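Visitor: Following this line is data.cif, made up of mmCIF, C-alpha atoms and all ligand atoms:
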data_start
#
loop_
_atom_site.label_atom_id
_atom_site.label_comp_id
_atom_site.auth_asym_id
_atom_site.auth_seq_id
_atom_site.Cartn_x
_atom_site.Cartn_y
_atom_site.Cartn_z
CA SER A 11 31.17 -7.84 10.14
CA SER A 12 34.30 -8.01 8.01
CA VAL A 13 32.39 -7.10 4.84
CA GLU A 14 33.65 -3.69 3.61
CA SER A 15 31.06 -2.81 0.98
CA GLY A 16 28.48 -4.10 -1.43
CA SER A 17 25.17 -3.34 -3.03
CA VAL A 18 21.71 -4.87 -3.31
CA LYS A 19 18.66 -3.99 -5.40
CA TRP A 20 14.94 -4.66 -5.03
CA GLU A 21 11.77 -3.68 -6.76
CA SER A 22 8.63 -3.56 -4.66
CA PRO A 23 5.05 -2.80 -5.67
CA SER A 24 2.33 -0.60 -4.29
CA ASN A 25 -0.83 -2.22 -2.94
CA ILE A 26 -4.49 -1.26 -2.76
CA ALA A 27 -6.52 -2.11 0.34
CA LEU A 28 -9.95 -3.75 -0.02
CA ILE A 29 -10.55 -3.57 3.74
CA LYS A 30 -8.96 -0.34 4.92
CA TYR A 31 -6.45 0.29 7.68
CA TRP A 32 -7.31 3.59 9.35
CA GLY A 33 -6.27 4.13 12.96
CA LYS A 34 -3.19 2.85 14.73
CA LYS A 35 -1.74 2.33 18.21
CA GLU A 36 1.85 2.90 19.36
CA ASN A 37 4.58 1.32 17.22
CA GLN A 38 2.54 1.18 14.05
CA ILE A 39 0.14 -1.44 15.40
CA PRO A 40 -3.13 -1.27 13.45
CA GLU A 41 -6.45 -0.75 15.22
CA ASN A 42 -8.16 -3.07 12.75
CA PRO A 43 -7.28 -5.78 10.24
CA SER A 44 -6.87 -4.93 6.55
CA ILE A 45 -6.46 -6.90 3.33
CA SER A 46 -5.06 -5.67 0.02
CA PHE A 47 -4.36 -6.60 -3.55
CA THR A 48 -0.67 -6.33 -4.35
CA LEU A 49 -0.13 -4.40 -7.60
CA SER A 50 2.36 -5.04 -10.44
CA ASN A 51 3.12 -1.98 -12.51
CA CYS A 52 3.19 0.66 -9.79
CA LYS A 53 6.45 -0.02 -8.03
CA THR A 54 9.62 1.42 -6.54
CA ILE A 55 13.07 0.25 -7.58
CA THR A 56 15.72 0.80 -4.92
CA LYS A 57 19.45 0.14 -4.98
CA LEU A 58 21.24 0.24 -1.67
CA THR A 59 25.03 0.56 -1.62
CA TYR A 60 26.72 0.08 1.73
CA THR A 61 30.25 1.08 2.72
CA LYS A 62 31.87 0.43 6.09
CA LYS A 63 32.54 3.51 8.23
CA GLU A 64 34.14 4.31 11.59
CA THR A 65 31.68 6.81 13.10
CA LYS A 66 28.67 5.52 15.00
CA ASP A 67 25.95 7.81 13.62
CA PHE A 68 23.33 7.05 10.97
CA SER A 69 24.80 8.04 7.64
CA PHE A 70 22.96 7.91 4.32
CA ASP A 71 22.41 9.78 1.06
CA VAL A 72 19.24 9.60 -0.97
CA TYR A 73 19.06 9.84 -4.76
CA PHE A 74 15.56 10.03 -6.21
CA GLU A 75 15.33 9.50 -9.96
CA GLY A 76 19.01 10.20 -10.34
CA LYS A 77 19.15 13.41 -8.31
CA GLN A 78 20.28 13.86 -4.75
CA ASN A 79 17.18 14.38 -2.62
CA GLU A 80 16.99 15.98 0.81
CA ALA A 81 13.18 15.88 1.13
CA PHE A 82 13.04 12.12 1.85
CA LYS A 83 15.77 12.20 4.50
CA PRO A 84 13.68 12.96 7.63
CA LYS A 85 11.31 10.05 6.87
CA ILE A 86 14.22 7.68 6.40
CA GLN A 87 15.94 9.00 9.54
CA THR A 88 12.75 8.23 11.53
CA PHE A 89 12.55 4.83 9.86
CA PHE A 90 16.17 4.05 10.85
CA GLU A 91 15.50 5.09 14.45
CA ARG A 92 12.47 2.81 14.62
CA ILE A 93 14.20 -0.24 13.15
CA GLU A 94 17.60 0.17 14.77
CA ALA A 95 16.91 -2.44 17.44
CA TYR A 96 16.23 -5.05 14.73
CA VAL A 97 18.99 -4.11 12.28
CA PRO A 98 22.24 -4.21 14.26
CA PHE A 99 24.54 -3.10 11.41
CA LEU A 100 22.67 0.16 10.75
CA ARG A 101 25.33 2.37 12.35
CA ASP A 102 28.31 0.47 10.90
CA TYR A 103 27.81 1.42 7.25
CA HIS A 104 27.19 4.46 5.12
CA PHE A 105 24.23 3.86 2.81
CA LYS A 106 23.65 5.27 -0.63
CA ILE A 107 19.96 4.88 -1.39
CA GLU A 108 19.12 5.22 -5.09
CA THR A 109 15.43 5.00 -5.73
CA SER A 110 12.92 5.59 -8.52
CA ASN A 111 9.25 4.91 -9.15
CA THR A 112 7.57 3.52 -12.25
CA PHE A 113 4.71 5.96 -11.74
CA PRO A 114 5.11 9.73 -12.08
CA HIS A 115 6.25 11.66 -9.04
CA SER A 116 3.50 13.69 -7.38
CA SER A 117 0.82 11.70 -9.18
CA GLY A 118 -1.00 11.44 -5.89
CA ILE A 119 -0.12 7.74 -5.82
CA ALA A 120 1.28 7.00 -2.42
CA SER A 121 4.85 5.84 -2.88
CA SER A 122 5.30 5.11 0.82
CA ALA A 123 4.14 1.47 0.53
CA SER A 124 6.39 0.60 -2.42
CA GLY A 125 9.24 2.82 -1.23
CA MET A 126 9.41 1.65 2.37
CA SER A 127 8.99 -2.01 1.44
CA ALA A 128 11.77 -1.76 -1.16
CA LEU A 129 14.12 -0.18 1.39
CA ALA A 130 13.21 -2.76 4.06
CA LEU A 131 13.94 -5.57 1.59
CA CYS A 132 17.30 -4.01 0.68
CA LEU A 133 18.28 -3.88 4.37
CA MET A 134 17.31 -7.54 4.73
CA SER A 135 19.53 -8.43 1.78
CA VAL A 136 22.42 -6.52 3.35
CA GLU A 137 21.90 -8.54 6.52
CA VAL A 138 22.15 -11.71 4.41
CA ASP A 139 25.29 -10.38 2.68
CA LEU A 140 26.79 -9.82 6.11
CA GLY A 141 26.28 -13.47 6.98
CA THR A 142 22.83 -14.02 8.48
CA ASP A 143 20.96 -17.06 7.23
CA TYR A 144 17.19 -16.73 6.83
CA THR A 145 14.60 -19.08 5.40
CA SER A 146 12.66 -17.29 2.66
CA GLU A 147 9.58 -17.35 4.90
CA TYR A 148 11.40 -15.65 7.77
CA PHE A 149 13.10 -13.22 5.39
CA ASN A 150 9.71 -12.06 4.09
CA LYS A 151 8.22 -11.82 7.57
CA LYS A 152 11.05 -9.70 8.87
CA ALA A 153 11.07 -7.53 5.72
CA SER A 154 7.35 -6.92 6.23
CA PHE A 155 7.92 -6.24 9.93
CA LEU A 156 10.54 -3.60 9.07
CA ALA A 157 8.43 -2.12 6.26
CA ARG A 158 5.54 -1.68 8.72
CA LEU A 159 7.76 0.55 10.83
CA GLY A 160 8.36 2.73 7.77
CA SER A 161 4.73 3.00 6.72
CA GLY A 162 1.95 0.73 8.00
CA SER A 163 0.51 -0.25 4.63
CA ALA A 164 4.03 -1.00 3.31
CA CYS A 165 4.01 -4.29 5.20
CA ARG A 166 1.42 -5.54 2.69
CA SER A 167 3.71 -5.05 -0.35
CA ILE A 168 6.24 -7.86 0.14
CA GLU A 169 4.09 -10.70 -1.14
CA GLY A 170 1.11 -11.20 -3.46
CA GLU A 171 -1.61 -11.47 -4.43
CA LEU A 172 -3.75 -10.82 -1.39
CA VAL A 173 -2.12 -9.86 1.90
CA VAL A 174 -3.70 -9.63 5.35
CA TRP A 175 -2.33 -7.46 8.12
CA GLY A 176 -3.73 -7.13 11.64
CA GLN A 177 -5.00 -9.76 14.07
CA ASN A 178 -8.38 -11.21 13.24
CA GLU A 179 -10.54 -14.32 13.45
CA SER A 180 -10.88 -14.94 9.70
CA ALA A 181 -7.37 -15.50 8.36
CA GLU A 182 -3.87 -16.26 9.55
CA SER A 183 -2.56 -12.86 10.61
CA SER A 184 -0.37 -10.70 12.80
CA ASP A 185 -0.32 -7.08 13.91
CA LEU A 186 3.43 -7.05 13.30
CA TYR A 187 3.64 -8.00 9.62
CA GLY A 188 1.57 -8.86 6.57
CA ILE A 189 0.84 -12.47 5.63
CA LYS A 190 -0.20 -13.86 2.26
CA PHE A 191 -3.95 -14.55 2.51
CA ASP A 192 -4.28 -18.24 3.33
CA GLY A 193 -7.94 -18.70 2.31
CA GLU A 194 -9.45 -20.09 -0.86
CA VAL A 195 -9.55 -17.67 -3.82
CA HIS A 196 -11.98 -18.21 -6.73
CA SER A 197 -10.67 -17.89 -10.30
CA ASN A 198 -12.93 -14.83 -10.77
CA PHE A 199 -10.21 -12.97 -8.89
CA ASN A 200 -7.33 -14.14 -11.09
CA ASN A 201 -5.49 -11.18 -12.65
CA TYR A 202 -7.94 -8.70 -11.19
CA GLN A 203 -7.51 -5.32 -12.89
CA ASP A 204 -6.90 -1.95 -11.23
CA THR A 205 -6.94 1.19 -13.36
CA ILE A 206 -5.88 4.19 -11.32
CA LEU A 207 -7.52 7.45 -12.36
CA LEU A 208 -5.34 10.42 -11.44
CA VAL A 209 -7.92 12.99 -10.40
CA ASP A 210 -5.64 15.19 -8.37
CA LYS A 211 -1.86 15.02 -8.50
CA GLY A 212 -1.32 17.65 -5.84
CA GLU A 213 -0.04 17.15 -2.35
CA LYS A 214 -2.92 16.09 -0.11
CA GLN A 215 -3.99 18.54 2.59
CA VAL A 216 -4.05 16.01 5.41
CA SER A 217 -1.37 13.32 5.68
CA SER A 218 -2.29 9.77 6.62
CA THR A 219 -0.20 10.18 9.80
CA VAL A 220 -2.56 12.94 10.92
CA GLY A 221 -5.60 11.00 9.69
CA HIS A 222 -4.71 7.90 11.72
CA LYS A 223 -4.28 10.05 14.83
CA LEU A 224 -7.75 11.53 14.40
CA MET A 225 -9.21 8.07 15.03
CA TYR A 226 -8.27 8.56 18.71
CA GLY A 227 -11.45 9.65 20.42
CA HIS A 228 -13.34 9.54 17.13
CA PRO A 229 -17.06 9.05 17.90
CA PHE A 230 -17.40 6.09 15.50
CA ALA A 231 -13.97 4.51 15.99
CA GLN A 232 -15.02 1.39 17.90
CA GLN A 233 -17.89 0.59 15.52
CA ARG A 234 -15.57 1.12 12.57
CA PHE A 235 -12.89 -1.21 13.95
CA ALA A 236 -15.54 -3.88 14.64
CA GLN A 237 -16.93 -3.41 11.12
CA ALA A 238 -13.52 -4.09 9.57
CA HIS A 239 -13.47 -7.49 11.32
CA GLU A 240 -16.98 -8.26 10.05
CA ASN A 241 -16.15 -7.15 6.52
CA LEU A 242 -13.03 -9.31 6.49
CA ALA A 243 -15.09 -12.36 7.44
CA LYS A 244 -17.59 -11.53 4.66
CA LEU A 245 -14.83 -10.89 2.13
CA LYS A 246 -13.18 -14.20 2.95
CA ALA A 247 -16.40 -16.02 2.02
CA VAL A 248 -16.75 -13.93 -1.13
CA LEU A 249 -13.17 -14.61 -2.22
CA ALA A 250 -13.90 -18.35 -1.93
CA SER A 251 -17.29 -18.29 -3.68
CA GLY A 252 -16.38 -15.82 -6.43
CA ASP A 253 -19.54 -13.78 -5.75
CA LEU A 254 -18.57 -10.56 -7.52
CA GLN A 255 -21.70 -8.63 -6.56
CA SER A 256 -20.93 -9.05 -2.89
CA PHE A 257 -17.29 -8.20 -3.57
CA VAL A 258 -18.35 -4.89 -5.12
CA GLU A 259 -20.58 -4.12 -2.16
CA ILE A 260 -17.91 -4.75 0.48
CA VAL A 261 -15.13 -2.94 -1.39
CA GLU A 262 -17.12 0.20 -2.20
CA SER A 263 -18.56 0.37 1.30
CA GLU A 264 -15.04 0.16 2.74
CA ALA A 265 -13.83 3.01 0.51
CA LEU A 266 -16.72 5.28 1.44
CA THR A 267 -16.43 4.37 5.12
CA LEU A 268 -12.75 5.38 5.09
CA HIS A 269 -13.73 8.79 3.76
CA ALA A 270 -16.70 8.98 6.12
CA MET A 271 -14.25 8.60 9.01
CA MET A 272 -12.33 11.59 7.66
CA MET A 273 -15.48 13.66 7.32
CA THR A 274 -16.54 12.84 10.89
CA SER A 275 -13.12 13.46 12.50
CA MET A 276 -12.51 16.56 14.59
CA PRO A 277 -11.10 18.48 12.80
CA TYR A 278 -13.02 17.08 9.81
CA PHE A 279 -11.66 17.00 6.30
CA ILE A 280 -12.54 15.87 2.79
CA LEU A 281 -9.98 14.36 0.43
CA MET A 282 -12.36 13.58 -2.41
CA LYS A 283 -12.69 16.13 -5.21
CA PRO A 284 -15.74 16.90 -7.35
CA ASN A 285 -14.27 14.67 -10.09
CA THR A 286 -13.96 11.79 -7.63
CA LEU A 287 -17.74 11.89 -7.22
CA GLU A 288 -18.31 12.30 -10.97
CA ILE A 289 -16.32 9.12 -11.55
CA ILE A 290 -18.13 7.20 -8.80
CA ASN A 291 -21.51 8.10 -10.28
CA LYS A 292 -20.40 7.11 -13.79
CA ILE A 293 -19.17 3.75 -12.47
CA TRP A 294 -22.50 3.10 -10.76
CA LYS A 295 -24.39 3.98 -13.94
CA HIS A 296 -22.14 1.81 -16.10
CA ARG A 297 -22.53 -1.13 -13.74
CA GLU A 298 -26.29 -0.91 -13.80
CA GLU A 299 -26.66 -0.46 -17.53
CA ASN A 300 -24.12 -3.06 -18.58
CA ASN A 301 -24.50 -5.82 -16.03
CA SER A 302 -20.86 -5.18 -15.16
CA ASN A 303 -18.90 -5.93 -11.99
CA VAL A 304 -16.69 -2.85 -12.21
CA CYS A 305 -16.30 -1.03 -8.89
CA PHE A 306 -14.17 1.64 -7.26
CA THR A 307 -12.02 1.99 -4.21
CA LEU A 308 -10.18 4.97 -2.76
CA ASP A 309 -7.00 5.57 -0.82
CA ALA A 310 -6.43 8.57 1.41
CA GLY A 311 -6.75 10.90 -1.57
CA ALA A 312 -8.88 11.99 -4.52
CA ASN A 313 -7.67 9.39 -7.04
CA VAL A 314 -9.99 6.52 -7.92
CA HIS A 315 -8.92 2.90 -8.27
CA VAL A 316 -11.24 1.18 -10.75
CA LEU A 317 -11.34 -2.56 -10.01
CA TYR A 318 -12.72 -5.19 -12.42
CA PRO A 319 -12.30 -8.83 -13.37
CA GLU A 320 -10.00 -9.78 -16.24
CA ASN A 321 -12.86 -10.84 -18.53
CA GLU A 322 -14.20 -7.26 -18.51
CA LYS A 323 -10.83 -5.78 -19.42
CA GLU A 324 -11.74 -4.63 -22.91
CA SER A 325 -15.19 -3.24 -22.15
CA VAL A 326 -14.17 -1.44 -18.95
CA LEU A 327 -11.08 0.09 -20.56
CA ASN A 328 -13.29 1.40 -23.37
CA PHE A 329 -15.69 2.82 -20.80
CA ILE A 330 -12.81 4.44 -18.89
CA LYS A 331 -11.37 6.04 -22.02
CA LYS A 332 -14.75 7.20 -23.27
CA GLU A 333 -16.31 8.44 -20.05
CA LEU A 334 -13.84 8.73 -17.16
CA THR A 335 -10.55 10.16 -18.42
CA VAL A 336 -12.21 13.57 -18.86
CA PHE A 337 -12.24 13.74 -15.05
CA CYS A 338 -8.51 12.97 -14.75
CA GLN A 339 -5.76 15.60 -14.60
CA ASN A 340 -4.37 15.82 -18.14
CA GLY A 341 -6.40 12.68 -18.92
CA HIS A 342 -3.88 10.68 -16.95
CA PHE A 343 -4.53 7.11 -15.76
CA ILE A 344 -2.42 4.02 -15.01
CA THR A 345 -3.46 0.46 -15.83
CA ASP A 346 -2.37 -2.15 -13.35
CA VAL A 347 -3.14 -5.73 -12.36
CA VAL A 348 -2.79 -7.79 -9.22
CA GLY A 349 0.76 -9.10 -8.80
CA LYS A 350 2.94 -11.48 -6.86
CA GLY A 351 4.98 -9.10 -4.74
CA ALA A 352 8.51 -7.74 -4.49
CA GLN A 353 11.51 -9.06 -6.41
CA LEU A 354 15.26 -9.08 -5.96
CA ILE A 355 16.98 -7.74 -9.08
O1 LIG A 401 0.41 3.30 5.43
P1 LIG A 401 -0.22 4.61 5.80
O2 LIG A 401 0.05 5.00 7.23
O3 LIG A 401 0.10 5.69 4.81
O4 LIG A 401 -1.82 4.44 5.76
C1 LIG A 401 -2.53 4.27 4.57
C2 LIG A 401 -3.94 3.89 4.86
C3 LIG A 401 -4.83 3.74 3.64
O5 LIG A 401 -4.10 3.74 2.45
C4 LIG A 401 -5.83 4.87 3.59
C5 LIG A 401 -5.62 2.44 3.74
C6 LIG A 401 -4.81 1.19 3.59
O6 LIG A 401 -5.14 0.22 4.27
O7 LIG A 401 -3.87 1.16 2.78
#
I'd like the structure from this file rewritten - as structure tokens, please.
Ligand code: PMV

Guide:
Amino acid sequence: SSVESGSVKWESPSNIALIKYWGKKENQIPENPSISFTLSNCKTITKLTYTKKETKDFSFDVYFEGKQNEAFKPKIQTFFERIEAYVPFLRDYHFKIETSNTFPHSSGIASSASGMSALALCLMSVEVDLGTDYTSEYFNKKASFLARLGSGSACRSIEGELVVWGQNESAESSDLYGIKFDGEVHSNFNNYQDTILLVDKGEKQVSSTVGHKLMYGHPFAQQRFAQAHENLAKLKAVLASGDLQSFVEIVESEALTLHAMMMTSMPYFILMKPNTLEIINKIWKHREENNSNVCFTLDAGANVHVLYPENEKESVLNFIKKELTVFCQNGHFITDVVGKGAQLI
């Protein structure tokens, strides 16, 4: 390309899976389908500045929250190697990657989904700057495809409000990229709330890369993968009917099953903390005593995502402040809501 330099900027959100992805094949192909809510407030903002160069190596600098950062470089190097075949200009430019998160660093909130999707979107915009014409549909598909190669769950952060990834019989889908859920969604799920309770901000002992690998030869792997298909079919019906009780049941079962897979791996491990269980028990009690539809889900960590419909916003937030923040590190929590996906800025 004759373009010498330029810059692009995207913001991309995190997402929280309702049906969990845990276990993958070669090339970041998931062993089972997953579906997630896209978030709004938890996001990464990335500016990518590109400058033409003569050498044929990968060349990039990373600035995280204003400071040059070496720690992210190996992950990005691996990402570049994986996507090189699909991004022909990758060796022709030097890239300055300036990135920041709206949530605190080392909050235990995985920034890989928002971070990798933001970077993938920036690279897509560079490709457009350099003269490639994409329909917005193809642009999103390819951005999600690239994001998947950075971090599997990142492919679900491009669009909102519900995104499916992984071949299945219930919804339009692909193993290669996330697709906006094409089924009917009841108004009960409009502006669904997610309050993230920061139970443990430390680095987790077992990375998701290692966790996925432990699903190879796992005694319950095949049943688990089959269950994800069944749960997706059930969830699809629930999303259409608005049956919140069944929603709660599927979502909590998925969270506990994810952690059950970790506990039954070899080697086995536990990512929940005592306060994770305290919070879960309080949520169950609150639900019973108040005829509430509040529920929890978990990522690969100790933090708890508290999910609830918009019409319970006031009462659940009161409950969280009164009874749950004592179990959070420094009382820290983040309120979020389902969102529409990444944005060019
Ligand atoms: O995207 P990864 O490889 O970090 O995997 C994350 C998997 C879970 O967050 C535990 C579940 C999911 O579907 O997001």

Visitor: Can you sort out the box for ligand LIG 401 (chain A), edges along x, y and z, all listed atoms in, 6 Å on every side, with centre and edge lengths in Å to one decimal, as JSON?

Guide:
{"center_x": -2.7, "center_y": 3.0, "center_z": 4.8, "size_x": 18.2, "size_y": 17.5, "size_z": 16.8}

Visitor: Determine, using all atoms listed in the file, which residues of chain A have any atom at most 9 Å from an atom of ligand LIG 401 (chain A), and tabulate each with its shortest atom pair and distance in Å to one decimal place, rows ordered by chain and then rising number, as a Markdown table.

Guide:
| residue | atom | partner | partner_atom | distance |
| --- | --- | --- | --- | --- |
| A:Asn25 | CA | A:LIG401 | O7 | 7.3 |
| A:Ile26 | CA | A:LIG401 | O7 | 6.1 |
| A:Ala27 | CA | A:LIG401 | O6 | 4.8 |
| A:Leu28 | CA | A:LIG401 | O6 | 7.6 |
| A:Ile29 | CA | A:LIG401 | O6 | 6.6 |
| A:Lys30 | CA | A:LIG401 | O6 | 3.9 |
| A:Tyr31 | CA | A:LIG401 | O6 | 3.7 |
| A:Trp32 | CA | A:LIG401 | C2 | 5.6 |
| A:Gly33 | CA | A:LIG401 | C2 | 8.4 |
| A:Lys34 | CA | A:LIG401 | O2 | 8.4 |
| A:Gln38 | CA | A:LIG401 | O2 | 8.2 |
| A:Pro43 | CA | A:LIG401 | O6 | 8.7 |
| A:Ser44 | CA | A:LIG401 | O6 | 5.9 |
| A:Ile45 | CA | A:LIG401 | O6 | 7.3 |
| A:Ser46 | CA | A:LIG401 | O6 | 7.3 |
| A:Ala120 | CA | A:LIG401 | O3 | 7.4 |
| A:Ser122 | CA | A:LIG401 | O3 | 6.6 |
| A:Ala123 | CA | A:LIG401 | O1 | 6.4 |
| A:Arg158 | CA | A:LIG401 | O1 | 7.9 |
| A:Gly160 | CA | A:LIG401 | O1 | 8.3 |
| A:Ser161 | CA | A:LIG401 | O1 | 4.5 |
| A:Gly162 | CA | A:LIG401 | O1 | 3.9 |
| A:Ser163 | CA | A:LIG401 | O1 | 3.6 |
| A:Ala164 | CA | A:LIG401 | O1 | 6.0 |
| A:Cys165 | CA | A:LIG401 | O1 | 8.4 |
| A:Arg166 | CA | A:LIG401 | O7 | 8.5 |
| A:Ser217 | CA | A:LIG401 | O3 | 7.8 |
| A:Ser218 | CA | A:LIG401 | O3 | 5.1 |
| A:Thr219 | CA | A:LIG401 | O2 | 5.8 |
| A:Gly221 | CA | A:LIG401 | O4 | 8.5 |
| A:His222 | CA | A:LIG401 | O2 | 7.2 |
| A:Ala265 | CA | A:LIG401 | C4 | 8.8 |
| A:Leu268 | CA | A:LIG401 | C4 | 7.1 |
| A:His269 | CA | A:LIG401 | C4 | 8.8 |
| A:Leu308 | CA | A:LIG401 | C4 | 7.7 |
| A:Asp309 | CA | A:LIG401 | C4 | 4.6 |
| A:Ala310 | CA | A:LIG401 | C4 | 4.3 |
| A:Gly311 | CA | A:LIG401 | C4 | 8.0 |

Visitor: Choose the residue, out of A:Gln353, A:Ser302, A:Thr61, A:Gln237, that has the smallest atom-to-atom separation from Ser22 in chain A; count all atoms listed in the file.

Guide: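 Ranked by minimum distance to Ser22 in chain A, first place goes to A:Gln353.
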
Visitor: Counting all atoms listed in the file, what is within 8 Å of His196 in chain A, bar same-chain residues fewer than 4 positions away, as a ChimeraX atom specification?

Guide: /A:200,249-252

Visitor: Around the point (-11.4, -15.6, -1.9), in the coordinates given by the file, pick out the residues reaching within 12 Å, counting all atoms listed in the file, and return them as a short mmCIF file (atom, residue, chain, number, x, y, z; two decimals) with C-alpha atoms, in the frame of the given file.

Guide:
data_model
loop_
_atom_site.label_atom_id
_atom_site.label_comp_id
_atom_site.auth_asym_id
_atom_site.auth_seq_id
_atom_site.Cartn_x
_atom_site.Cartn_y
_atom_site.Cartn_z
CA ILE A 45 -6.46 -6.90 3.33
CA SER A 46 -5.06 -5.67 0.02
CA PHE A 47 -4.36 -6.60 -3.55
CA GLU A 171 -1.61 -11.47 -4.43
CA LEU A 172 -3.75 -10.82 -1.39
CA VAL A 173 -2.12 -9.86 1.90
CA SER A 180 -10.88 -14.94 9.70
CA ALA A 181 -7.37 -15.50 8.36
CA PHE A 191 -3.95 -14.55 2.51
CA ASP A 192 -4.28 -18.24 3.33
CA GLY A 193 -7.94 -18.70 2.31
CA GLU A 194 -9.45 -20.09 -0.86
CA VAL A 195 -9.55 -17.67 -3.82
CA HIS A 196 -11.98 -18.21 -6.73
CA SER A 197 -10.67 -17.89 -10.30
CA ASN A 198 -12.93 -14.83 -10.77
CA PHE A 199 -10.21 -12.97 -8.89
CA ASN A 200 -7.33 -14.14 -11.09
CA LEU A 242 -13.03 -9.31 6.49
CA ALA A 243 -15.09 -12.36 7.44
CA LYS A 244 -17.59 -11.53 4.66
CA LEU A 245 -14.83 -10.89 2.13
CA LYS A 246 -13.18 -14.20 2.95
CA ALA A 247 -16.40 -16.02 2.02
CA VAL A 248 -16.75 -13.93 -1.13
CA LEU A 249 -13.17 -14.61 -2.22
CA ALA A 250 -13.90 -18.35 -1.93
CA SER A 251 -17.29 -18.29 -3.68
CA GLY A 252 -16.38 -15.82 -6.43
CA ASP A 253 -19.54 -13.78 -5.75
CA LEU A 254 -18.57 -10.56 -7.52
CA SER A 256 -20.93 -9.05 -2.89
CA PHE A 257 -17.29 -8.20 -3.57
#

Visitor: Mind giving me the straight-line distance from CA of Lys292 in chain A to CA of Ser275 in chain A in Å, one decimal?

Guide: 28.0 Å

Visitor: From the options A:Gly176, A:Pro319, A:Pro84, A:Pro114, which residue's atoms come nearest to His239 in chain A, counting all atoms listed in the file?

Guide: A:Gly176

Visitor: Tell me, as a list of chain:residue names, which residues lie within 12 Å of Ser110 in chain A, counting all atoms listed in the file; anything in the same chain fewer than 6 positions away does not count.

Guide: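 In the requested format, the answer is A:Lys19, A:Trp20, A:Glu21, A:Ser22, A:Pro23, A:Cys52, A:Lys53, A:Thr54, A:Ile55, A:Thr56, A:Lys57, A:Val72, A:Tyr73, A:Phe74, A:Glu75, A:Gly76, A:Lys77, A:Gln78, A:Asn79, A:Ser121, A:Ser124, A:Gly125, A:Ala128, A:Leu129.
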
Visitor: Please, could you write that set of residues out with C-alpha atoms as a short mmCIF file (atom, residue, chain, number, x, y, z; two decimals), in the frame of the given file?

Guide:
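selection_36.cif was written with the following content:
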data_model
loop_
_atom_site.label_atom_id
_atom_site.label_comp_id
_atom_site.auth_asym_id
_atom_site.auth_seq_id
_atom_site.Cartn_x
_atom_site.Cartn_y
_atom_site.Cartn_z
CA LYS A 19 18.66 -3.99 -5.40
CA TRP A 20 14.94 -4.66 -5.03
CA GLU A 21 11.77 -3.68 -6.76
CA SER A 22 8.63 -3.56 -4.66
CA PRO A 23 5.05 -2.80 -5.67
CA CYS A 52 3.19 0.66 -9.79
CA LYS A 53 6.45 -0.02 -8.03
CA THR A 54 9.62 1.42 -6.54
CA ILE A 55 13.07 0.25 -7.58
CA THR A 56 15.72 0.80 -4.92
CA LYS A 57 19.45 0.14 -4.98
CA VAL A 72 19.24 9.60 -0.97
CA TYR A 73 19.06 9.84 -4.76
CA PHE A 74 15.56 10.03 -6.21
CA GLU A 75 15.33 9.50 -9.96
CA GLY A 76 19.01 10.20 -10.34
CA LYS A 77 19.15 13.41 -8.31
CA GLN A 78 20.28 13.86 -4.75
CA ASN A 79 17.18 14.38 -2.62
CA SER A 121 4.85 5.84 -2.88
CA SER A 124 6.39 0.60 -2.42
CA GLY A 125 9.24 2.82 -1.23
CA ALA A 128 11.77 -1.76 -1.16
CA LEU A 129 14.12 -0.18 1.39
#

Visitor: Please, which residues in range 190-263 of chain A fall within 9 Å of range 322-330 of chain A when counting only C-alpha atoms, and what is the closest atom pair and distance in Å to one decimal for each, ordered by chain then residue number, as a tab-separated table?

Guide:
residue	atom	partner	partner_atom	distance
A:Gln203	CA	A:Lys323	CA	7.3
A:Thr205	CA	A:Leu327	CA	8.4
A:Leu207	CA	A:Ile330	CA	8.9

Visitor: Within 9 Å of Met272 in chain A, counting all atoms listed in the file, which residues qualify if same-chain residues fewer than 6 places away don't, as a list in words?

Guide: Gly221, Leu224, Met225, Tyr278, Phe279, Ile280 and Leu281 of chain A

Visitor: Using all atoms listed in the file, pick whichever of A:Met134, A:Phe82, A:Gly351, A:Pro40 has the shortest atom-to-atom distance to Phe235 in chain A.

Guide: A:Pro40

Visitor: Work out how far CA of Ser24 in chain A is from CA of Phe113 in chain A, in Å to one decimal.

Guide: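 Answer for the CA of Phe113 in chain A to CA of Ser24 in chain A separation: 10.2 Å.
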
Visitor: So what do you get for CA of Phe68 in chain A versus CA of His104 in chain A, distance-wise?

Guide: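 That distance, rounded to one decimal, is 7.5 Å.
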
Visitor: Can you tell me which residues surround Pro229 in chain A at a distance of at most 10 Å, considering only C-alpha atoms, apart from same-chain residues fewer than 5 positions away, and format the answer as a ChimeraX atom specification?

Guide: /A:234,271,274-276

Visitor: When you count all atoms listed in the file, which of these residues is closest to Glu64 in chain A: A:Arg101, A:Lys35, A:Lys83, A:Lys190?

Guide: A:Arg101

Visitor: Tell me which of A:Leu266, A:Leu58, A:Val13, A:Leu334 sits closest to Gly141 in chain A, counting all atoms listed in the file.

Guide: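 Going through A:Leu266, A:Leu58, A:Val13, A:Leu334 one by one, the smallest distance to Gly141 in chain A is for A:Val13.
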